[in-house]
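Q: Pasting a structure below so you can have a look.
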Amino acid sequence: GHGEVLVSTASAPTNIAVVKYWGKRDTKLNLPINSSLSVTLHQEDLQTITSVAIGKDFEGGDRVWLNGKEETDLASNKRMQGVFSAIRERAGDVVDEASGEVLVPSAELKTYKIHVVSRNSFPTAAGLASSASGYACLVKALSQVFRVKEAHEGELTEIARAGSGSASRSLYGGYVKWEMGTRDDGVDSRAYQVKPEEHWPNMHALICVVSDHKKTTSSTGGMIDSVRTSELLKFRAENVVPARMKAMEEAIAAKDFPAFAELTMRDSNQFHATCLDTYPPIAYMTDTSHNVSRLVHAINNESSSGPICAYTFDAGPNAVIFLEEDHVEKVLKALLADFGPDSAESSEPFVRGQTTLPAA
Ligand code: PMV
């Protein structure tokens, strides 16, 4: 018969938050305690590529291979299961494009077994947000193969969000905000594009790999502990982030780099302060991370026209440095002088990858 095996492949980029998501009000659905905003890094070396095959008669039920290794306990992976069922619920008919004939009705398509093969083009769990591109990519590939059409704008970002919060922001390019929403069912907790990347064509990002070791505290575990024990986190979510989201959107709309830079650095610093305010404390930044931060401030202090570069750190020691194209050469040179392979502080690898936004 028709359509016994259907295949689709997708790729998805990672993103780096400039207003950070930290803290869940619902751990099952990944509903956050504050909105967040990120920049999508679409370089080929920072992507996930996922192929999905679905079939009527696949043996062994749903199966998933991540970076060449099969997930052995898929049944207990609640987030993955949640994504599978959210997609199956929304399956459409498989239609022959030329004749309009229904080849596989949605009721039957839903029963097809899923095989997923997914690969990252960068080291997993190195603080480079692999879960963001991973779940965004899974949702993209599954929605294609199951013929899912969004019933409203951003519906797919809701499904990705339930897989990993930051994944909601990786379905769009450029500058993307994730509105926290207020509902308990998460239907209003979705991502929206604020501006496409062409809006700010000379914006670049340098990825500084301080360490590619696996991070020590997972974001999910860290968030649970922070929500439970940090007083600063509650203050941040209620009293800081709402105004910061607005200011960040305005800075991006106006392409006001000094404003963007200060907001980005302050937000990264406050996020790491809430981690240290967690009890017991969570320390993601290393001495090298702090030295990078110091160098960025030293460079900015020499500028008479406000900051020219801005660091941000996620749940790991690696730095992402935003800057406009004119300053890439100067800043990269300074970074390599202090932290490059020939520098005194090169016991750890540093500035292994350079990437730009948009792609050169
Ligand atoms: O989506 P998760 O569970 O990987 O959490 C991401 C948390 C941060 O990267 C630290 C911040 C963010 O907004 O991406």
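Going by the structure tokens order, chains are called A, B, ..., each with residues numbered from 1, while ligands are numbered from 1 in the order shown.
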Could you please extract the residues within 8 Å of ligand 1, counting only C-alpha atoms and all ligand atoms, and hand them back as a PyMOL selection string?
A: chain A and resi 15-22+36-38+127+129-132+161+164-167+218-220+271+313-315
Q: Please dump the current selection as a compact mmCIF listing (two decimals), in the first residue's frame; keep C-alpha atoms.
A:
# COMPACT_ATOMS: atom_id res chain seq x y z
CA ASN A 15 20.41 29.92 20.67
CA ILE A 16 21.95 31.95 23.47
CA ALA A 17 19.75 33.86 25.89
CA VAL A 18 20.44 37.53 26.61
CA VAL A 19 17.57 37.58 29.11
CA LYS A 20 17.90 34.21 30.81
CA TYR A 21 15.27 31.61 31.59
CA TRP A 22 15.97 30.20 35.04
CA SER A 36 13.30 35.23 28.23
CA LEU A 37 14.90 36.47 25.03
CA SER A 38 17.64 34.94 22.89
CA GLY A 127 27.09 24.58 27.99
CA ALA A 129 22.57 24.53 24.79
CA SER A 130 22.34 21.28 22.86
CA SER A 131 18.90 20.62 24.29
CA ALA A 132 17.63 23.78 22.57
CA ARG A 161 9.11 24.01 25.11
CA SER A 164 13.28 21.72 26.79
CA GLY A 165 12.38 25.29 27.67
CA SER A 166 15.09 26.96 25.63
CA ALA A 167 14.11 24.83 22.58
CA SER A 218 21.89 19.98 34.88
CA SER A 219 19.69 22.97 34.11
CA THR A 220 16.57 21.10 35.30
CA PHE A 271 21.55 34.73 36.54
CA PHE A 313 27.43 32.70 30.14
CA ASP A 314 24.83 29.92 30.35
CA ALA A 315 24.81 26.85 32.61
Q: Near segment 175-191 of chain A, counting only C-alpha atoms, which residues have an atom at most 8 Å away, once you skip same-chain residues fewer than 3 positions from it, shown as a PyMOL selection string?
A: chain A and resi 29+31-40+154-155+157-158+161+168-169+172+194-197
Q: Using N, CA and C atoms, can you write the selected residues to a file as a short mmCIF file (atom, residue, chain, number, x, y, z; two decimals), in the first residue's frame?
A:
data_model
loop_
_atom_site.label_atom_id
_atom_site.label_comp_id
_atom_site.auth_asym_id
_atom_site.auth_seq_id
_atom_site.Cartn_x
_atom_site.Cartn_y
_atom_site.Cartn_z
N LEU A 29 5.52 20.58 32.35
CA LEU A 29 5.33 21.26 31.07
C LEU A 29 6.44 22.25 30.74
N LEU A 31 7.01 25.17 32.28
CA LEU A 31 6.49 26.54 32.29
C LEU A 31 7.40 27.37 33.18
N PRO A 32 7.88 28.51 32.67
CA PRO A 32 8.91 29.28 33.38
C PRO A 32 8.34 30.29 34.38
N ILE A 33 9.19 30.76 35.27
CA ILE A 33 8.78 31.82 36.19
C ILE A 33 9.06 33.21 35.62
N ASN A 34 9.76 33.27 34.47
CA ASN A 34 9.95 34.57 33.81
C ASN A 34 10.09 34.37 32.30
N SER A 35 9.78 35.43 31.56
CA SER A 35 9.99 35.41 30.11
C SER A 35 11.48 35.50 29.83
N SER A 36 11.88 35.18 28.60
CA SER A 36 13.30 35.23 28.23
C SER A 36 13.44 35.64 26.77
N LEU A 37 14.66 35.99 26.41
CA LEU A 37 14.90 36.47 25.03
C LEU A 37 16.28 35.99 24.58
N SER A 38 16.37 35.51 23.35
CA SER A 38 17.64 34.94 22.89
C SER A 38 17.97 35.36 21.48
N VAL A 39 19.21 35.09 21.11
CA VAL A 39 19.71 35.30 19.76
C VAL A 39 20.00 33.91 19.19
N THR A 40 19.47 33.65 18.01
CA THR A 40 19.69 32.36 17.37
C THR A 40 21.04 32.35 16.68
N GLY A 154 2.99 29.76 16.56
CA GLY A 154 3.83 29.38 17.70
C GLY A 154 3.42 28.08 18.36
N GLU A 155 2.45 27.35 17.78
CA GLU A 155 2.02 26.11 18.42
C GLU A 155 3.18 25.10 18.52
N THR A 157 6.26 25.82 18.92
CA THR A 157 7.19 26.25 19.97
C THR A 157 6.71 25.78 21.34
N GLU A 158 5.39 25.63 21.50
CA GLU A 158 4.85 25.09 22.77
C GLU A 158 5.27 23.64 22.96
N ARG A 161 8.92 23.53 23.73
CA ARG A 161 9.11 24.01 25.11
C ARG A 161 8.93 22.90 26.13
N SER A 168 12.09 26.17 22.74
CA SER A 168 10.98 26.96 22.18
C SER A 168 11.53 28.11 21.34
N ARG A 169 12.70 28.63 21.72
CA ARG A 169 13.24 29.81 21.04
C ARG A 169 14.08 29.45 19.82
N TYR A 172 12.82 29.73 15.59
CA TYR A 172 12.89 30.94 14.78
C TYR A 172 14.32 31.45 14.74
N VAL A 194 11.16 38.41 17.52
CA VAL A 194 11.13 39.85 17.79
C VAL A 194 11.62 40.62 16.57
N LYS A 195 12.75 40.17 16.02
CA LYS A 195 13.32 40.74 14.79
C LYS A 195 14.07 39.63 14.06
N PRO A 196 14.02 39.64 12.73
CA PRO A 196 14.83 38.66 11.98
C PRO A 196 16.30 39.05 12.06
N GLU A 197 17.19 38.12 11.75
CA GLU A 197 18.61 38.44 11.93
C GLU A 197 19.09 39.51 10.96
#
Q: Considering only C-alpha atoms, state which residue in the set A:Ala136, A:His213, A:Ala334, A:Asn301 is at the smallest distance from Pro317 of chain A.
A: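 Once distances to Pro317 of chain A are computed over only C-alpha atoms, the minimum belongs to A:His213.
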Q: Met265 of chain A: which residues within 8 Å, counting only C-alpha atoms, same-chain residues fewer than 4 positions away excluded, as a PyMOL selection string?
A: chain A and resi 18+261+269+310-312
Q: Those same residues - C-alpha atoms - I'd like them written as an mmCIF file, in the first residue's frame.
A:
data_model
loop_
_atom_site.group_PDB
_atom_site.id
_atom_site.type_symbol
_atom_site.label_atom_id
_atom_site.label_comp_id
_atom_site.auth_asym_id
_atom_site.auth_seq_id
_atom_site.Cartn_x
_atom_site.Cartn_y
_atom_site.Cartn_z
ATOM 1 C CA VAL A 18 20.444 37.528 26.607
ATOM 2 C CA ALA A 261 25.505 45.062 25.780
ATOM 3 C CA ASN A 269 25.642 38.303 35.980
ATOM 4 C CA ALA A 310 29.281 41.934 25.740
ATOM 5 C CA TYR A 311 29.731 38.532 27.358
ATOM 6 C CA THR A 312 27.053 36.087 28.389
#
Q: Need the shell around Gly134 of chain A: protein/DNA/RNA residues with any atom at most 8 Å away, counting only C-alpha atoms. Skip same-chain ones fewer than 5 positions apart. Format as a PDB file with C-alpha atoms, in the first residue's frame?
A:
ATOM      1  CA  ALA A  12      17.788  23.395  13.872  1.00  0.00           C
ATOM      2  CA  THR A  48      21.331  19.539  15.342  1.00  0.00           C
ATOM      3  CA  SER A 118      19.748  12.796  15.727  1.00  0.00           C
ATOM      4  CA  ASN A 120      24.806  17.450  17.052  1.00  0.00           C
ATOM      5  CA  ALA A 167      14.110  24.835  22.578  1.00  0.00           C
TER       6      ALA A 167
END
Q: Just want the 12 Å neighbourhood of Glu231 of chain A, counted on only C-alpha atoms, with same-chain residues fewer than 2 positions away dropped. Output as a list in words.
A: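 Listed by chain and then number, they are Asp225, Ser226, Val227, Arg228, Thr229, Leu233, Lys234, Phe235, Arg236, Ala237, Glu238, Ala273, Thr274, Cys275, Leu276, Asp277, Thr278 and Tyr279 of chain A.
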Q: Since we have the selection now, will you write its residues out, keeping C-alpha atoms, as a PDB file, in the first residue's frame?
A:
ATOM      1  CA  ASP A 225      17.066  23.912  43.625  1.00  0.00           C
ATOM      2  CA  SER A 226      17.112  27.641  42.809  1.00  0.00           C
ATOM      3  CA  VAL A 227      13.312  27.956  42.863  1.00  0.00           C
ATOM      4  CA  ARG A 228      13.257  26.127  46.202  1.00  0.00           C
ATOM      5  CA  THR A 229      16.044  28.038  47.954  1.00  0.00           C
ATOM      6  CA  LEU A 233      15.621  34.384  42.036  1.00  0.00           C
ATOM      7  CA  LYS A 234      12.104  35.298  43.125  1.00  0.00           C
ATOM      8  CA  PHE A 235      13.059  38.967  43.253  1.00  0.00           C
ATOM      9  CA  ARG A 236      14.617  38.719  39.777  1.00  0.00           C
ATOM     10  CA  ALA A 237      11.590  37.042  38.201  1.00  0.00           C
ATOM     11  CA  GLU A 238       9.094  39.483  39.690  1.00  0.00           C
ATOM     12  CA  ALA A 273      24.232  35.432  41.155  1.00  0.00           C
ATOM     13  CA  THR A 274      20.952  33.523  41.599  1.00  0.00           C
ATOM     14  CA  CYS A 275      22.906  30.309  41.089  1.00  0.00           C
ATOM     15  CA  LEU A 276      25.319  31.307  43.873  1.00  0.00           C
ATOM     16  CA  ASP A 277      22.319  32.336  45.995  1.00  0.00           C
ATOM     17  CA  THR A 278      20.981  28.797  45.621  1.00  0.00           C
ATOM     18  CA  TYR A 279      21.644  26.637  48.681  1.00  0.00           C
TER      19      TYR A 279
END
Q: Using only C-alpha atoms, find the one residue out of A:His327, A:Ser121, A:Ala253, A:Leu138 that sits nearest to Asn202 of chain A.
A: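 Smallest separation from Asn202 of chain A among the options: A:His327.
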Q: For Gly174 of chain A, which of A:Pro280, A:Gly60, A:Gly55, A:Pro201 is the closest residue, counting only C-alpha atoms?
A: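 The shortest atom-to-atom distance to Gly174 of chain A comes from A:Pro201.
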Q: Do you have the atom CA of Met203 of chain A-atom CA of Phe260 of chain A distance handy?
A: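 Atom CA of Phe260 of chain A lies 11.1 Å from atom CA of Met203 of chain A.
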Q: Using Å and a single decimal, report how far atom CA of His204 of chain A sits from atom CA of Asn300 of chain A.
A: 16.4 Å
Q: Could you tell me how far atom CA of Asn291 of chain A lies from atom CA of Gly306 of chain A, in Å and to one decimal?
A: 20.3 Å
Q: Residues of segment 40-143 of chain A classed as strand (DSSP E) by DSSP on the backbone are to be reported as a PyMOL selection string.
A: chain A and resi 40-41+47-55+63-66+69-70+94-95+102-104+113-120
Q: With N, CA and C atoms retained, export the selected residues as a PDB file, in the first residue's frame.
A:
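Output contents, as saved in again11.pdb:
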ATOM      1  N   THR A  40      19.467  33.654  18.014  1.00  0.00           N
ATOM      2  CA  THR A  40      19.687  32.356  17.374  1.00  0.00           C
ATOM      3  C   THR A  40      21.043  32.346  16.676  1.00  0.00           C
ATOM      4  N   LEU A  41      21.827  31.311  16.936  1.00  0.00           N
ATOM      5  CA  LEU A  41      23.153  31.168  16.318  1.00  0.00           C
ATOM      6  C   LEU A  41      23.036  30.087  15.251  1.00  0.00           C
ATOM      7  N   GLN A  47      24.632  23.126  15.134  1.00  0.00           N
ATOM      8  CA  GLN A  47      23.290  22.687  14.780  1.00  0.00           C
ATOM      9  C   GLN A  47      23.015  21.264  15.229  1.00  0.00           C
ATOM     10  N   THR A  48      21.731  20.939  15.252  1.00  0.00           N
ATOM     11  CA  THR A  48      21.331  19.539  15.342  1.00  0.00           C
ATOM     12  C   THR A  48      20.700  19.163  14.008  1.00  0.00           C
ATOM     13  N   ILE A  49      20.991  17.958  13.565  1.00  0.00           N
ATOM     14  CA  ILE A  49      20.344  17.430  12.361  1.00  0.00           C
ATOM     15  C   ILE A  49      19.623  16.145  12.754  1.00  0.00           C
ATOM     16  N   THR A  50      18.359  16.086  12.421  1.00  0.00           N
ATOM     17  CA  THR A  50      17.540  14.953  12.861  1.00  0.00           C
ATOM     18  C   THR A  50      16.768  14.371  11.685  1.00  0.00           C
ATOM     19  N   SER A  51      16.838  13.071  11.551  1.00  0.00           N
ATOM     20  CA  SER A  51      16.004  12.376  10.567  1.00  0.00           C
ATOM     21  C   SER A  51      14.994  11.515  11.301  1.00  0.00           C
ATOM     22  N   VAL A  52      13.771  11.531  10.807  1.00  0.00           N
ATOM     23  CA  VAL A  52      12.713  10.731  11.399  1.00  0.00           C
ATOM     24  C   VAL A  52      12.131   9.836  10.320  1.00  0.00           C
ATOM     25  N   ALA A  53      12.002   8.555  10.637  1.00  0.00           N
ATOM     26  CA  ALA A  53      11.280   7.639   9.751  1.00  0.00           C
ATOM     27  C   ALA A  53      10.103   7.105  10.549  1.00  0.00           C
ATOM     28  N   ILE A  54       8.919   7.067   9.945  1.00  0.00           N
ATOM     29  CA  ILE A  54       7.782   6.479  10.647  1.00  0.00           C
ATOM     30  C   ILE A  54       7.186   5.380   9.774  1.00  0.00           C
ATOM     31  N   GLY A  55       6.755   4.332  10.414  1.00  0.00           N
ATOM     32  CA  GLY A  55       6.242   3.196   9.651  1.00  0.00           C
ATOM     33  C   GLY A  55       5.221   2.404  10.446  1.00  0.00           C
ATOM     34  N   ARG A  63      11.843   4.252  18.629  1.00  0.00           N
ATOM     35  CA  ARG A  63      13.269   4.144  18.994  1.00  0.00           C
ATOM     36  C   ARG A  63      13.999   5.433  18.635  1.00  0.00           C
ATOM     37  N   VAL A  64      15.008   5.754  19.439  1.00  0.00           N
ATOM     38  CA  VAL A  64      15.748   7.008  19.252  1.00  0.00           C
ATOM     39  C   VAL A  64      17.252   6.759  19.379  1.00  0.00           C
ATOM     40  N   TRP A  65      18.010   7.296  18.419  1.00  0.00           N
ATOM     41  CA  TRP A  65      19.477   7.247  18.476  1.00  0.00           C
ATOM     42  C   TRP A  65      20.003   8.681  18.542  1.00  0.00           C
ATOM     43  N   LEU A  66      20.743   8.996  19.628  1.00  0.00           N
ATOM     44  CA  LEU A  66      21.323  10.332  19.773  1.00  0.00           C
ATOM     45  C   LEU A  66      22.830  10.244  19.619  1.00  0.00           C
ATOM     46  N   LYS A  69      24.147   6.702  19.488  1.00  0.00           N
ATOM     47  CA  LYS A  69      23.890   5.765  20.577  1.00  0.00           C
ATOM     48  C   LYS A  69      22.387   5.656  20.823  1.00  0.00           C
ATOM     49  N   GLU A  70      21.894   4.420  20.918  1.00  0.00           N
ATOM     50  CA  GLU A  70      20.446   4.287  21.115  1.00  0.00           C
ATOM     51  C   GLU A  70      20.051   4.619  22.554  1.00  0.00           C
ATOM     52  N   VAL A  94      -1.939  12.201   5.104  1.00  0.00           N
ATOM     53  CA  VAL A  94      -0.933  12.222   4.046  1.00  0.00           C
ATOM     54  C   VAL A  94      -1.679  12.272   2.718  1.00  0.00           C
ATOM     55  N   VAL A  95      -1.435  13.355   1.978  1.00  0.00           N
ATOM     56  CA  VAL A  95      -2.219  13.599   0.766  1.00  0.00           C
ATOM     57  C   VAL A  95      -1.300  13.584  -0.454  1.00  0.00           C
ATOM     58  N   VAL A 102      -6.247  11.122  -0.487  1.00  0.00           N
ATOM     59  CA  VAL A 102      -5.694  10.833   0.837  1.00  0.00           C
ATOM     60  C   VAL A 102      -5.016   9.466   0.806  1.00  0.00           C
ATOM     61  N   LEU A 103      -3.703   9.469   1.032  1.00  0.00           N
ATOM     62  CA  LEU A 103      -2.951   8.221   0.977  1.00  0.00           C
ATOM     63  C   LEU A 103      -2.972   7.506   2.322  1.00  0.00           C
ATOM     64  N   VAL A 104      -2.784   8.292   3.399  1.00  0.00           N
ATOM     65  CA  VAL A 104      -2.876   7.737   4.754  1.00  0.00           C
ATOM     66  C   VAL A 104      -3.696   8.711   5.594  1.00  0.00           C
ATOM     67  N   LYS A 113       4.865   3.820  14.070  1.00  0.00           N
ATOM     68  CA  LYS A 113       5.980   3.850  15.022  1.00  0.00           C
ATOM     69  C   LYS A 113       7.038   4.842  14.540  1.00  0.00           C
ATOM     70  N   ILE A 114       7.744   5.430  15.486  1.00  0.00           N
ATOM     71  CA  ILE A 114       8.715   6.493  15.186  1.00  0.00           C
ATOM     72  C   ILE A 114      10.145   6.008  15.404  1.00  0.00           C
ATOM     73  N   HIS A 115      10.983   6.208  14.418  1.00  0.00           N
ATOM     74  CA  HIS A 115      12.426   6.020  14.599  1.00  0.00           C
ATOM     75  C   HIS A 115      13.128   7.361  14.365  1.00  0.00           C
ATOM     76  N   VAL A 116      13.956   7.768  15.338  1.00  0.00           N
ATOM     77  CA  VAL A 116      14.631   9.066  15.271  1.00  0.00           C
ATOM     78  C   VAL A 116      16.141   8.864  15.286  1.00  0.00           C
ATOM     79  N   VAL A 117      16.834   9.525  14.370  1.00  0.00           N
ATOM     80  CA  VAL A 117      18.296   9.549  14.400  1.00  0.00           C
ATOM     81  C   VAL A 117      18.720  11.011  14.448  1.00  0.00           C
ATOM     82  N   SER A 118      19.432  11.384  15.529  1.00  0.00           N
ATOM     83  CA  SER A 118      19.748  12.796  15.727  1.00  0.00           C
ATOM     84  C   SER A 118      21.225  12.975  16.053  1.00  0.00           C
ATOM     85  N   ARG A 119      21.808  14.034  15.510  1.00  0.00           N
ATOM     86  CA  ARG A 119      23.242  14.261  15.701  1.00  0.00           C
ATOM     87  C   ARG A 119      23.508  15.751  15.895  1.00  0.00           C
ATOM     88  N   ASN A 120      24.382  16.070  16.863  1.00  0.00           N
ATOM     89  CA  ASN A 120      24.806  17.450  17.052  1.00  0.00           C
ATOM     90  C   ASN A 120      26.124  17.678  16.331  1.00  0.00           C
TER      91      ASN A 120
END
Q: Name the closest residue to Glu325 of chain A among the candidates A:Leu263, A:Val139, A:Leu206, A:Ala254; distances are taken between atoms, counting only C-alpha atoms.
A: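 Using only C-alpha atoms, Glu325 of chain A sits closest to A:Leu206.
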